[in-house]
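Shown below: target27.cif, with mmCIF, C-alpha atoms (C1' of nucleotides).
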```cif
data_start
loop_
_atom_site.label_atom_id
_atom_site.label_comp_id
_atom_site.auth_asym_id
_atom_site.auth_seq_id
_atom_site.Cartn_x
_atom_site.Cartn_y
_atom_site.Cartn_z
CA MET A 27 37.61 -1.49 -7.24
CA ASP A 28 38.60 0.33 -4.08
CA THR A 29 36.12 3.18 -3.99
CA PRO A 30 32.31 3.08 -4.23
CA LEU A 31 32.47 5.15 -7.39
CA LEU A 32 34.83 2.73 -9.13
CA LYS A 33 32.61 -0.13 -8.04
CA TYR A 34 29.66 1.64 -9.59
CA ILE A 35 31.57 2.31 -12.79
CA HIS A 36 32.62 -1.32 -13.03
CA GLN A 37 29.07 -2.53 -13.09
CA CYS A 38 28.50 -0.39 -16.18
CA VAL A 39 31.73 -0.78 -18.15
CA THR A 40 34.89 -2.85 -17.95
CA LEU A 41 38.04 -0.87 -17.40
CA SER A 42 41.63 -1.83 -16.78
CA THR A 43 42.67 -1.18 -13.19
CA ALA A 44 45.40 1.05 -14.53
CA ASP A 45 42.73 3.63 -15.32
CA HIS A 46 41.39 3.85 -11.79
CA GLU A 47 43.60 6.60 -10.54
CA GLY A 48 43.27 8.60 -13.72
CA ILE A 49 39.51 8.53 -13.57
CA MET A 50 39.27 9.59 -9.98
CA GLU A 51 41.36 12.67 -10.68
CA PHE A 52 38.48 14.26 -12.54
CA PHE A 53 36.16 14.10 -9.56
CA GLN A 54 36.26 16.66 -6.82
CA PRO A 55 35.22 15.56 -3.32
CA ILE A 56 32.97 18.02 -1.49
CA GLN A 57 31.18 17.96 1.85
CA TYR A 58 28.03 19.79 2.83
CA PRO A 59 26.24 20.14 6.17
CA LYS A 60 22.60 19.16 6.34
CA LYS A 61 19.91 21.45 4.91
CA THR A 62 22.34 22.93 2.39
CA ILE A 63 20.72 24.05 -0.83
CA LEU A 64 22.79 22.86 -3.79
CA LEU A 65 20.47 24.11 -6.51
CA ASN A 66 17.50 26.45 -6.56
CA GLU A 67 14.75 26.68 -9.12
CA GLY A 68 15.88 28.92 -11.95
CA GLU A 69 19.58 28.47 -11.30
CA ILE A 70 21.89 26.64 -13.67
CA CYS A 71 23.07 23.30 -12.34
CA LYS A 72 26.84 23.30 -12.26
CA PHE A 73 27.45 19.74 -11.04
CA GLU A 74 26.78 16.11 -11.48
CA GLY A 75 27.47 14.40 -8.17
CA PHE A 76 28.03 10.84 -6.99
CA VAL A 77 26.90 10.52 -3.39
CA THR A 78 29.44 8.79 -1.15
CA LYS A 79 27.75 9.69 2.12
CA GLY A 80 24.51 11.23 3.30
CA CYS A 81 21.13 11.83 1.71
CA ILE A 82 19.97 14.46 -0.75
CA LYS A 83 16.53 15.33 -2.09
CA THR A 84 15.46 16.79 -5.42
CA TYR A 85 12.04 18.40 -5.58
CA PHE A 86 9.59 20.76 -7.23
CA ILE A 87 7.68 23.48 -5.39
CA ASP A 88 3.92 23.40 -5.95
CA GLN A 89 1.57 26.39 -6.21
CA ASN A 90 1.04 26.46 -2.44
CA GLY A 91 4.75 26.48 -1.72
CA PHE A 92 4.95 22.82 -0.73
CA GLU A 93 7.72 20.50 -1.78
CA VAL A 94 7.01 17.53 -4.02
CA ILE A 95 9.98 15.22 -3.73
CA LEU A 96 11.15 13.68 -6.99
CA THR A 97 14.09 11.60 -5.78
CA PHE A 98 16.16 10.72 -2.77
CA ALA A 99 19.86 10.25 -3.55
CA THR A 100 21.75 8.25 -0.96
CA GLU A 101 25.09 6.46 -1.06
CA ASN A 102 26.03 5.29 -4.58
CA TRP A 103 23.42 7.36 -6.39
CA TRP A 104 23.93 10.20 -8.80
CA VAL A 105 22.33 13.55 -8.16
CA SER A 106 21.90 16.46 -10.55
CA ASP A 107 19.35 18.27 -12.65
CA ILE A 108 20.37 16.45 -15.78
CA ALA A 109 18.74 18.76 -18.30
CA SER A 110 19.98 21.90 -16.60
CA PHE A 111 23.49 20.51 -16.27
CA GLN A 112 23.82 19.23 -19.82
CA ASP A 113 22.50 22.33 -21.53
CA GLN A 114 23.49 24.87 -18.86
CA ARG A 115 20.04 26.37 -18.72
CA PRO A 116 17.82 27.27 -15.74
CA SER A 117 16.56 24.33 -13.73
CA LYS A 118 12.99 23.63 -12.72
CA THR A 119 13.98 21.52 -9.74
CA CYS A 120 15.66 22.20 -6.40
CA ILE A 121 18.36 20.08 -4.76
CA GLU A 122 19.08 20.11 -1.02
CA THR A 123 20.93 17.92 1.46
CA ILE A 124 18.83 16.19 4.11
CA GLU A 125 21.78 14.82 6.07
CA ALA A 126 25.38 16.02 6.12
CA SER A 127 26.65 14.62 2.82
CA GLU A 128 29.75 13.94 0.77
CA LEU A 129 29.80 14.06 -3.00
CA LEU A 130 32.22 13.43 -5.80
CA ILE A 131 31.54 16.24 -8.22
CA LEU A 132 31.88 16.71 -11.95
CA THR A 133 31.56 20.15 -13.54
CA PRO A 134 30.64 20.54 -17.20
CA ASP A 135 34.32 21.04 -17.99
CA SER A 136 35.67 18.17 -15.93
CA LYS A 137 33.01 15.85 -17.30
CA GLU A 138 33.95 16.74 -20.83
CA ALA A 139 37.63 16.21 -20.08
CA LEU A 140 36.87 12.90 -18.38
CA LEU A 141 34.89 11.65 -21.35
CA SER A 142 37.43 12.72 -23.91
CA LYS A 143 40.09 10.79 -22.02
CA TYR A 144 37.86 7.80 -21.19
CA PRO A 145 35.19 7.65 -23.89
CA ASP A 146 34.06 4.23 -22.64
CA LEU A 147 32.44 6.05 -19.74
CA GLU A 148 29.84 7.46 -22.12
CA ARG A 149 28.07 4.18 -21.60
CA MET A 150 27.91 4.68 -17.85
CA PHE A 151 26.31 8.10 -18.18
CA ARG A 152 23.85 6.78 -20.73
CA LEU A 153 22.88 4.00 -18.36
CA MET A 154 22.54 6.50 -15.54
CA VAL A 155 20.05 8.58 -17.51
CA GLN A 156 18.17 5.47 -18.61
CA ARG A 157 17.82 4.30 -15.03
CA HIS A 158 16.46 7.64 -13.99
CA LEU A 159 14.00 7.52 -16.87
CA ALA A 160 12.84 4.02 -15.98
CA ALA A 161 12.52 5.03 -12.33
CA TYR A 162 10.24 7.93 -13.22
CA GLN A 163 8.13 5.69 -15.45
CA GLU A 164 7.60 3.28 -12.61
CA ARG A 165 6.86 6.01 -10.12
CA LEU A 166 4.29 7.54 -12.43
CA PHE A 167 2.73 4.15 -12.97
CA GLY A 168 2.67 3.48 -9.24
CA ASN A 169 1.07 6.81 -8.46
CA ILE A 170 -1.72 6.11 -10.92
CA ALA A 171 -2.26 2.37 -10.50
CA LEU A 172 -1.51 1.71 -6.83
CA THR A 173 -3.02 2.82 -3.54
CA ALA A 174 -0.92 4.71 -1.05
CA ASP A 175 -0.20 1.75 1.19
CA LYS A 176 1.09 -0.33 -1.69
CA ARG A 177 3.32 2.53 -2.78
CA TYR A 178 4.58 2.75 0.77
CA ALA A 179 5.29 -0.99 0.88
CA LEU A 180 7.29 -0.70 -2.36
CA PHE A 181 9.14 2.26 -0.96
CA LEU A 182 10.16 0.25 2.11
CA GLU A 183 11.51 -2.49 -0.15
CA LYS A 184 13.49 -0.08 -2.26
CA TYR A 185 14.78 2.14 0.54
CA PRO A 186 14.75 -0.06 3.65
CA ASP A 187 17.05 2.23 5.60
CA LEU A 188 15.54 5.61 4.79
CA PRO A 189 12.64 5.56 7.29
CA GLN A 190 15.20 5.39 10.10
CA ARG A 191 17.24 8.19 8.61
CA ILE A 192 14.92 10.95 7.49
CA PRO A 193 11.73 12.69 8.69
CA GLN A 194 8.56 10.94 7.66
CA HIS A 195 6.91 13.96 6.13
CA LEU A 196 9.58 13.78 3.42
CA ILE A 197 8.58 10.22 2.66
CA ALA A 198 4.95 11.32 2.52
CA SER A 199 5.90 13.98 0.01
CA TYR A 200 7.74 11.40 -2.09
CA LEU A 201 4.74 9.09 -2.00
CA GLY A 202 2.38 11.90 -2.91
CA ILE A 203 0.33 11.80 0.29
CA SER A 204 -0.10 14.04 3.33
CA PRO A 205 2.05 13.45 6.43
CA GLU A 206 -1.09 12.74 8.45
CA PHE A 207 -2.18 10.03 6.09
CA LEU A 208 1.21 8.35 6.12
CA SER A 209 1.00 8.29 9.90
CA ARG A 210 -2.36 6.51 9.68
CA LEU A 211 -1.00 4.01 7.15
CA ARG A 212 1.82 3.13 9.51
CA LYS A 213 -0.59 2.71 12.38
CA ARG A 214 -2.82 0.41 10.36
CA LYS A 215 0.19 -1.62 9.30
CA SER A 216 1.53 -2.07 12.83
CA LYS A 217 -1.83 -3.44 13.98
CA LYS A 218 -1.41 -6.46 11.75
CA MET B 8 14.78 20.94 -44.29
CA ASP B 9 12.30 19.16 -46.51
CA THR B 10 11.04 16.38 -44.28
CA PRO B 11 9.63 16.60 -40.74
CA LEU B 12 12.48 14.45 -39.48
CA LEU B 13 15.15 16.75 -40.90
CA LYS B 14 13.32 19.71 -39.43
CA TYR B 15 13.37 18.01 -36.08
CA ILE B 16 17.07 17.19 -36.38
CA HIS B 17 17.85 20.77 -37.30
CA GLN B 18 16.41 22.12 -34.10
CA CYS B 19 18.87 19.90 -32.20
CA VAL B 20 22.06 20.16 -34.27
CA THR B 21 23.31 22.14 -37.26
CA LEU B 22 24.12 20.06 -40.30
CA SER B 23 25.14 20.92 -43.81
CA THR B 24 22.33 20.33 -46.27
CA ALA B 25 24.64 17.97 -48.12
CA ASP B 26 24.11 15.46 -45.34
CA HIS B 27 20.35 15.35 -45.63
CA GLU B 28 20.07 12.58 -48.13
CA GLY B 29 22.73 10.50 -46.42
CA ILE B 30 20.98 10.70 -43.08
CA MET B 31 17.59 9.73 -44.40
CA GLU B 32 19.03 6.57 -45.91
CA PHE B 33 19.41 5.03 -42.48
CA PHE B 34 15.73 5.34 -41.69
CA GLN B 35 13.22 2.84 -42.92
CA PRO B 36 9.66 4.05 -43.49
CA ILE B 37 6.95 1.71 -42.22
CA GLN B 38 3.17 1.92 -42.04
CA TYR B 39 0.86 0.22 -39.59
CA PRO B 40 -2.93 0.01 -39.43
CA LYS B 41 -4.62 1.12 -36.24
CA LYS B 42 -4.56 -1.09 -33.17
CA THR B 43 -1.31 -2.74 -34.23
CA ILE B 44 0.85 -3.88 -31.34
CA LEU B 45 4.45 -2.83 -31.95
CA LEU B 46 5.84 -4.07 -28.66
CA ASN B 47 4.52 -6.31 -25.92
CA GLU B 48 5.63 -6.51 -22.33
CA GLY B 49 8.59 -8.87 -22.08
CA GLU B 50 9.62 -8.51 -25.71
CA ILE B 51 12.81 -6.84 -26.80
CA CYS B 52 12.25 -3.50 -28.50
CA LYS B 53 13.80 -3.62 -31.94
CA PHE B 54 13.11 -0.07 -33.08
CA GLU B 55 13.34 3.61 -32.36
CA GLY B 56 10.71 5.35 -34.44
CA PHE B 57 10.02 8.92 -35.53
CA VAL B 58 6.29 9.37 -36.07
CA THR B 59 5.43 11.05 -39.36
CA LYS B 60 1.72 10.29 -39.25
CA GLY B 61 -0.79 8.90 -36.80
CA CYS B 62 -0.83 8.37 -33.06
CA ILE B 63 0.78 5.73 -30.90
CA LYS B 64 0.48 4.94 -27.20
CA THR B 65 2.97 3.44 -24.77
CA TYR B 66 1.57 1.94 -21.59
CA PHE B 67 1.91 -0.38 -18.63
CA ILE B 68 -0.66 -2.97 -17.63
CA ASP B 69 -1.78 -2.80 -14.01
CA GLN B 70 -2.66 -5.71 -11.72
CA ASN B 71 -6.30 -5.66 -12.87
CA GLY B 72 -5.34 -5.81 -16.54
CA PHE B 73 -6.04 -2.12 -17.22
CA GLU B 74 -3.79 0.08 -19.30
CA VAL B 75 -1.99 3.02 -17.74
CA ILE B 76 -0.87 5.23 -20.59
CA LEU B 77 2.62 6.65 -20.27
CA THR B 78 2.87 8.66 -23.48
CA PHE B 79 1.08 9.55 -26.68
CA ALA B 80 3.41 9.85 -29.66
CA THR B 81 1.95 11.87 -32.53
CA GLU B 82 3.55 13.53 -35.53
CA ASN B 83 7.17 14.59 -34.88
CA TRP B 84 7.60 12.57 -31.71
CA TRP B 85 9.90 9.67 -31.07
CA VAL B 86 8.51 6.39 -29.83
CA SER B 87 10.38 3.43 -28.36
CA ASP B 88 11.10 1.65 -25.11
CA ILE B 89 14.43 3.36 -24.73
CA ALA B 90 15.93 1.05 -22.11
CA SER B 91 14.80 -2.10 -23.91
CA PHE B 92 16.08 -0.81 -27.24
CA GLN B 93 19.47 0.35 -26.02
CA ASP B 94 20.31 -2.72 -24.02
CA GLN B 95 18.24 -5.23 -26.03
CA ARG B 96 16.58 -6.61 -22.94
CA PRO B 97 12.91 -7.37 -22.23
CA SER B 98 10.65 -4.36 -22.01
CA LYS B 99 8.22 -3.49 -19.24
CA THR B 100 6.04 -1.36 -21.47
CA CYS B 101 3.74 -2.00 -24.40
CA ILE B 102 3.50 0.06 -27.59
CA GLU B 103 0.45 0.11 -29.86
CA THR B 104 -0.92 2.28 -32.65
CA ILE B 105 -4.15 4.16 -31.94
CA GLU B 106 -4.59 5.47 -35.47
CA ALA B 107 -3.11 4.16 -38.71
CA SER B 108 0.45 5.44 -38.44
CA GLU B 109 3.66 5.96 -40.37
CA LEU B 110 7.07 5.74 -38.78
CA LEU B 111 10.67 6.22 -39.77
CA ILE B 112 12.45 3.37 -38.06
CA LEU B 113 15.94 2.80 -36.74
CA THR B 114 17.10 -0.64 -35.68
CA PRO B 115 20.00 -1.10 -33.27
CA ASP B 116 22.28 -1.73 -36.25
CA SER B 117 21.11 1.13 -38.41
CA LYS B 118 21.28 3.51 -35.46
CA GLU B 119 24.84 2.51 -34.77
CA ALA B 120 25.76 2.92 -38.43
CA LEU B 121 24.02 6.30 -38.54
CA LEU B 122 25.89 7.55 -35.50
CA SER B 123 29.25 6.35 -36.65
CA LYS B 124 28.77 8.23 -39.92
CA TYR B 125 27.17 11.30 -38.31
CA PRO B 126 28.44 11.48 -34.74
CA ASP B 127 26.94 14.96 -34.34
CA LEU B 128 23.57 13.26 -34.10
CA GLU B 129 24.55 11.88 -30.69
CA ARG B 130 23.41 15.23 -29.39
CA MET B 131 19.96 14.81 -30.86
CA PHE B 132 19.45 11.45 -29.19
CA ARG B 133 20.75 12.78 -25.92
CA LEU B 134 18.26 15.65 -26.11
CA MET B 135 15.49 13.22 -26.98
CA VAL B 136 16.12 11.20 -23.84
CA GLN B 137 16.41 14.33 -21.74
CA ARG B 138 13.09 15.60 -23.00
CA HIS B 139 11.43 12.34 -22.15
CA LEU B 140 12.96 12.48 -18.71
CA ALA B 141 11.78 16.03 -18.12
CA ALA B 142 8.32 15.12 -19.38
CA TYR B 143 8.04 12.28 -16.88
CA GLN B 144 9.21 14.54 -14.08
CA GLU B 145 6.51 17.03 -14.88
CA ARG B 146 3.84 14.37 -15.21
CA LEU B 147 4.76 12.89 -11.87
CA PHE B 148 4.68 16.33 -10.31
CA GLY B 149 1.31 17.08 -11.87
CA ASN B 150 -0.17 13.82 -10.71
CA ILE B 151 0.87 14.56 -7.15
CA ALA B 152 0.36 18.31 -6.91
CA LEU B 153 -2.61 19.04 -9.18
CA THR B 154 -6.27 18.05 -9.22
CA ALA B 155 -7.67 16.15 -12.15
CA ASP B 156 -9.27 19.14 -13.83
CA LYS B 157 -6.03 21.12 -13.78
CA ARG B 158 -4.19 18.15 -15.27
CA TYR B 159 -6.86 17.98 -17.94
CA ALA B 160 -6.50 21.67 -18.69
CA LEU B 161 -2.75 21.26 -19.08
CA PHE B 162 -3.31 18.26 -21.30
CA LEU B 163 -5.54 20.32 -23.59
CA GLU B 164 -2.84 22.96 -23.88
CA LYS B 165 -0.16 20.44 -24.68
CA TYR B 166 -2.19 18.23 -27.03
CA PRO B 167 -4.94 20.50 -28.39
CA ASP B 168 -5.79 18.18 -31.26
CA LEU B 169 -5.83 14.84 -29.48
CA PRO B 170 -9.33 15.03 -27.95
CA GLN B 171 -10.75 15.19 -31.47
CA ARG B 172 -8.64 12.30 -32.62
CA ILE B 173 -8.71 9.59 -29.99
CA PRO B 174 -11.23 7.97 -27.61
CA GLN B 175 -11.63 9.79 -24.35
CA HIS B 176 -11.05 6.82 -22.13
CA LEU B 177 -7.45 6.84 -23.36
CA ILE B 178 -7.08 10.42 -22.21
CA ALA B 179 -8.56 9.43 -18.85
CA SER B 180 -5.98 6.68 -18.56
CA TYR B 181 -3.20 9.15 -19.37
CA LEU B 182 -4.51 11.57 -16.74
CA GLY B 183 -4.81 8.82 -14.17
CA ILE B 184 -8.59 9.05 -13.69
CA SER B 185 -11.59 6.91 -14.62
CA PRO B 186 -13.41 7.52 -17.92
CA GLU B 187 -16.57 8.37 -16.01
CA PHE B 188 -14.84 11.06 -14.03
CA LEU B 189 -13.33 12.62 -17.15
CA SER B 190 -16.82 12.77 -18.60
CA ARG B 191 -18.01 14.67 -15.53
CA LEU B 192 -15.05 17.06 -15.70
CA ARG B 193 -15.93 17.89 -19.27
CA LYS B 194 -19.54 18.46 -18.36
CA ARG B 195 -18.61 20.77 -15.51
CA LYS B 196 -16.29 22.68 -17.79
CA SER B 197 -18.88 23.18 -20.53
CA LYS B 198 -21.30 24.68 -18.01
CA LYS B 199 -18.99 27.62 -17.41
"C1'" DC C 1 -32.21 -2.97 -38.00
"C1'" DG C 2 -29.48 -4.63 -34.52
"C1'" DC C 3 -24.93 -4.77 -32.70
"C1'" DG C 4 -21.06 -2.97 -30.07
"C1'" DG C 5 -17.80 0.33 -28.55
"C1'" DG C 6 -17.75 4.56 -26.39
"C1'" DT C 7 -19.82 8.14 -23.55
"C1'" DT C 8 -23.00 9.85 -20.13
"C1'" DT C 9 -25.67 9.81 -15.82
"C1'" DG C 10 -26.92 8.48 -11.14
"C1'" DA C 11 -26.16 6.52 -6.63
"C1'" DT C 12 -23.04 5.00 -3.36
"C1'" DG C 13 -18.70 4.51 -1.12
"C1'" DA C 14 -13.58 4.53 -0.54
"C1'" DT C 15 -9.44 7.04 -0.48
"C1'" DG C 16 -7.00 10.56 1.11
"C1'" DC C 17 -7.05 15.84 2.47
"C1'" DT C 18 -7.66 19.73 5.70
"C1'" DC C 19 -7.86 21.87 9.93
"C1'" DA C 20 -7.17 21.82 14.70
"C1'" DA C 21 -5.53 20.00 18.79
"C1'" DG C 22 -2.48 17.27 21.60
"C1'" DC C 23 1.74 14.80 22.27
"C1'" DC C 24 6.58 13.42 22.23
"C1'" DC C 25 11.25 14.59 22.45
"C1'" DG C 26 15.60 16.71 21.70
"C1'" DG C 27 17.75 21.14 22.08
"C1'" DT C 28 18.60 25.57 24.20
"C1'" DG C 29 18.86 29.19 27.40
"C1'" DG C 30 18.20 30.82 32.08
"C1'" DC D 6 18.95 21.13 36.20
"C1'" DC D 7 14.79 22.56 34.70
"C1'" DA D 8 11.58 25.15 31.95
"C1'" DC D 9 10.52 26.22 27.68
"C1'" DC D 10 10.44 25.98 22.84
"C1'" DG D 11 9.71 24.06 18.39
"C1'" DG D 12 9.68 20.55 14.95
"C1'" DG D 13 7.78 16.40 13.95
"C1'" DC D 14 4.42 12.86 14.73
"C1'" DT D 15 -0.24 11.41 16.02
"C1'" DT D 16 -5.29 11.63 16.53
"C1'" DG D 17 -9.97 13.09 15.56
"C1'" DA D 18 -13.80 15.08 12.90
"C1'" DG D 19 -15.52 16.57 8.75
"C1'" DC D 20 -15.01 17.03 3.88
"C1'" DA D 21 -13.44 16.92 -1.20
"C1'" DT D 22 -12.06 14.21 -4.80
"C1'" DC D 23 -12.50 10.49 -7.36
"C1'" DA D 24 -13.74 5.31 -8.04
"C1'" DT D 25 -17.08 1.75 -8.77
"C1'" DC D 26 -21.14 -0.35 -10.45
"C1'" DA D 27 -25.13 -0.36 -13.12
"C1'" DA D 28 -28.06 1.45 -16.46
"C1'" DA D 29 -29.18 4.26 -20.30
"C1'" DC D 30 -27.85 6.43 -24.33
"C1'" DC D 31 -25.61 7.58 -28.67
"C1'" DC D 32 -23.98 6.53 -33.09
"C1'" DG D 33 -21.32 4.52 -36.74
"C1'" DC D 34 -21.30 0.21 -39.13
"C1'" DG D 35 -22.28 -4.24 -40.94
#
```

In structure tokens, write the structure found in this file.
Amino acid sequence: MDTPLLKYIHQCVTLSTADHEGIMEFFQPIQYPKKTILLNEGEICKFEGFVTKGCIKTYFIDQNGFEVILTFATENWWVSDIASFQDQRPSKTCIETIEASELLILTPDSKEALLSKYPDLERMFRLMVQRHLAAYQERLFGNIALTADKRYALFLEKYPDLPQRIPQHLIASYLGISPEFLSRLRKRKSKK
Amino acid sequence: MDTPLLKYIHQCVTLSTADHEGIMEFFQPIQYPKKTILLNEGEICKFEGFVTKGCIKTYFIDQNGFEVILTFATENWWVSDIASFQDQRPSKTCIETIEASELLILTPDSKEALLSKYPDLERMFRLMVQRHLAAYQERLFGNIALTADKRYALFLEKYPDLPQRIPQHLIASYLGISPEFLSRLRKRKSKK
DNA sequence: CGCGGGTTTGATGATGCTCAAGCCCGGTGG
DNA sequence: CCACCGGGCTTGAGCATCATCAAACCCGCG
């Protein structure tokens, strides 16, 4: 229970503490400075990473060259292009650090070795994918059914610390609105 | 290779033909008339279904009581609330037939039995979830980055037969626009 | 024939975008 | 230490997209 990753694992599966060390051996810690590109569109994703520090974005590029942010991964989140990683085929998304970040990395090989030694962890990875799926469902729903200021209010609930940490135009991109409009929303809100 | 389901399975994993009969035994065929509710918000999803005939929608209900359609499942698609099914907890989505439909159903028990006899099928279910995930990513992207008529054009490419089969207000809901506006889009398009 | 769900049409208005300009502020080089 | 630069945020004006409401229409069906 000593590291954030083991804490995360414990909320998915129950393991004996004797396994802790063994599990951690499969993960490789890596650090990146900010604005480091970890995956470009068309590349094959070679990692699944658990964020221990920092903030990372995954995004598409639209036809005008603008980012559309799919997810922010901060402490205790997983980051990867799941489909590209699992099947080792070209990705459609990009991944880039926003802040200087630290990850615990699995490669396809180390993940396979980890799972063959600790098959109970299959459950954790299944839950991880399910959570991502549910998150996308809710985001899609929100983008269709809610106005921008309600989406922003929900965002503040879910990520209370992010507005202090990252540029606002990234939040606008996540919410699916222009930076100018987010600025106006914030102004309107502060007047109340 | 004789049934649609086996065809689907074969594009995910390679199996000996000797297994075909054995696999099919775990699936239970069921028929539903149109407008049958298969899952309501808050219920626990008791099935994972492969659609062999008909058309089924999954949706959220927004704060005004309107549907927001998440997916259409037609022939050769899977339909379920994956998170609710896997963890047997209350669902956030609803599932309902649009047309009279036929499914091949797995329950939690029969799925477990199937996988313990044919563990290679794990891969198929993993791919199924991944495809759903990728589909939601692209829908979210489209809803943010594209105008309604481009989304409609993409919809027509992806589901060329659906406009002839189902009411248009359902397509509008899927696209995230009002039925009136979809009508105008179609009019504009026919003038060119 | 009338009923009812679905689609169309029109008028009006809200939401959110674009473009352009100004501002704030931290960093960098002279 | 200061001037300058540049990225990000704000503000304003005008505009496109799309929603809402109400009415008419269409058509299959009892």

| request: Please provide the set of residues having any atom within 12 Å of DC25 of chain C, restricted to only C-alpha atoms (C1' of nucleotides), with same-chain residues fewer than 6 positions apart removed, written as a ChimeraX atom specification. | output: /D:10-14

Go through chain D and flag each residue having an atom no more than 10 Å from chain B; for those, report the closest pair of atoms plus their distance in Å to one decimal, using all atoms listed in the file, ordered by chain and rising number, as JSON lines.
```
{"residue": "D:DT22", "atom": "C1'", "partner": "B:Thr154", "partner_atom": "CA", "distance": 8.2}
{"residue": "D:DC23", "atom": "C1'", "partner": "B:Phe188", "partner_atom": "CA", "distance": 7.1}
{"residue": "D:DA24", "atom": "C1'", "partner": "B:Ser185", "partner_atom": "CA", "distance": 7.1}
{"residue": "D:DT25", "atom": "C1'", "partner": "B:Ser185", "partner_atom": "CA", "distance": 9.5}
```

| Which residues fall under the PyMOL selection byres ((chain A and resi 181) around 12) in this file, as a ChimeraX atom specification? | /A:97-98,164-165,168-169,174-180,182-189,197-198,200-202

| task | At a cut-off of 9 Å, list the chain C residues touching chain B, using all atoms listed in the file, as a list in words. | result |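 Listed by rising number, the hits are DG6, DT7 and DT8 of chain C.
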
| query | So which residues touch segment 52-62 of chain A within 9 Å, counting all atoms listed in the file, skipping near sequence neighbours fewer than 5 positions away, as a PyMOL selection string? | reply | chain A and resi 75+79-82+121-133+136-137+139-140

| request: Evaluate the PyMOL selection byres ((chain B) within 6 of (chain A)) on the structure here and hand back the selected residues as a list in words. | output: Leu140, Leu147, Ile151 and Gly183 of chain B

All file atoms of segment 6-24 of chain C boxed axis-aligned, 8 Å per side, centre plus edges, as JSON:
```
{"center_x": -10.2, "center_y": 13.2, "center_z": -2.1, "size_x": 49.5, "size_y": 33.4, "size_z": 64.7}
```

| remark: Taken to one decimal, the atom C1' of DC32 of chain D-atom CA of Leu192 of chain B distance is 22.2 Å
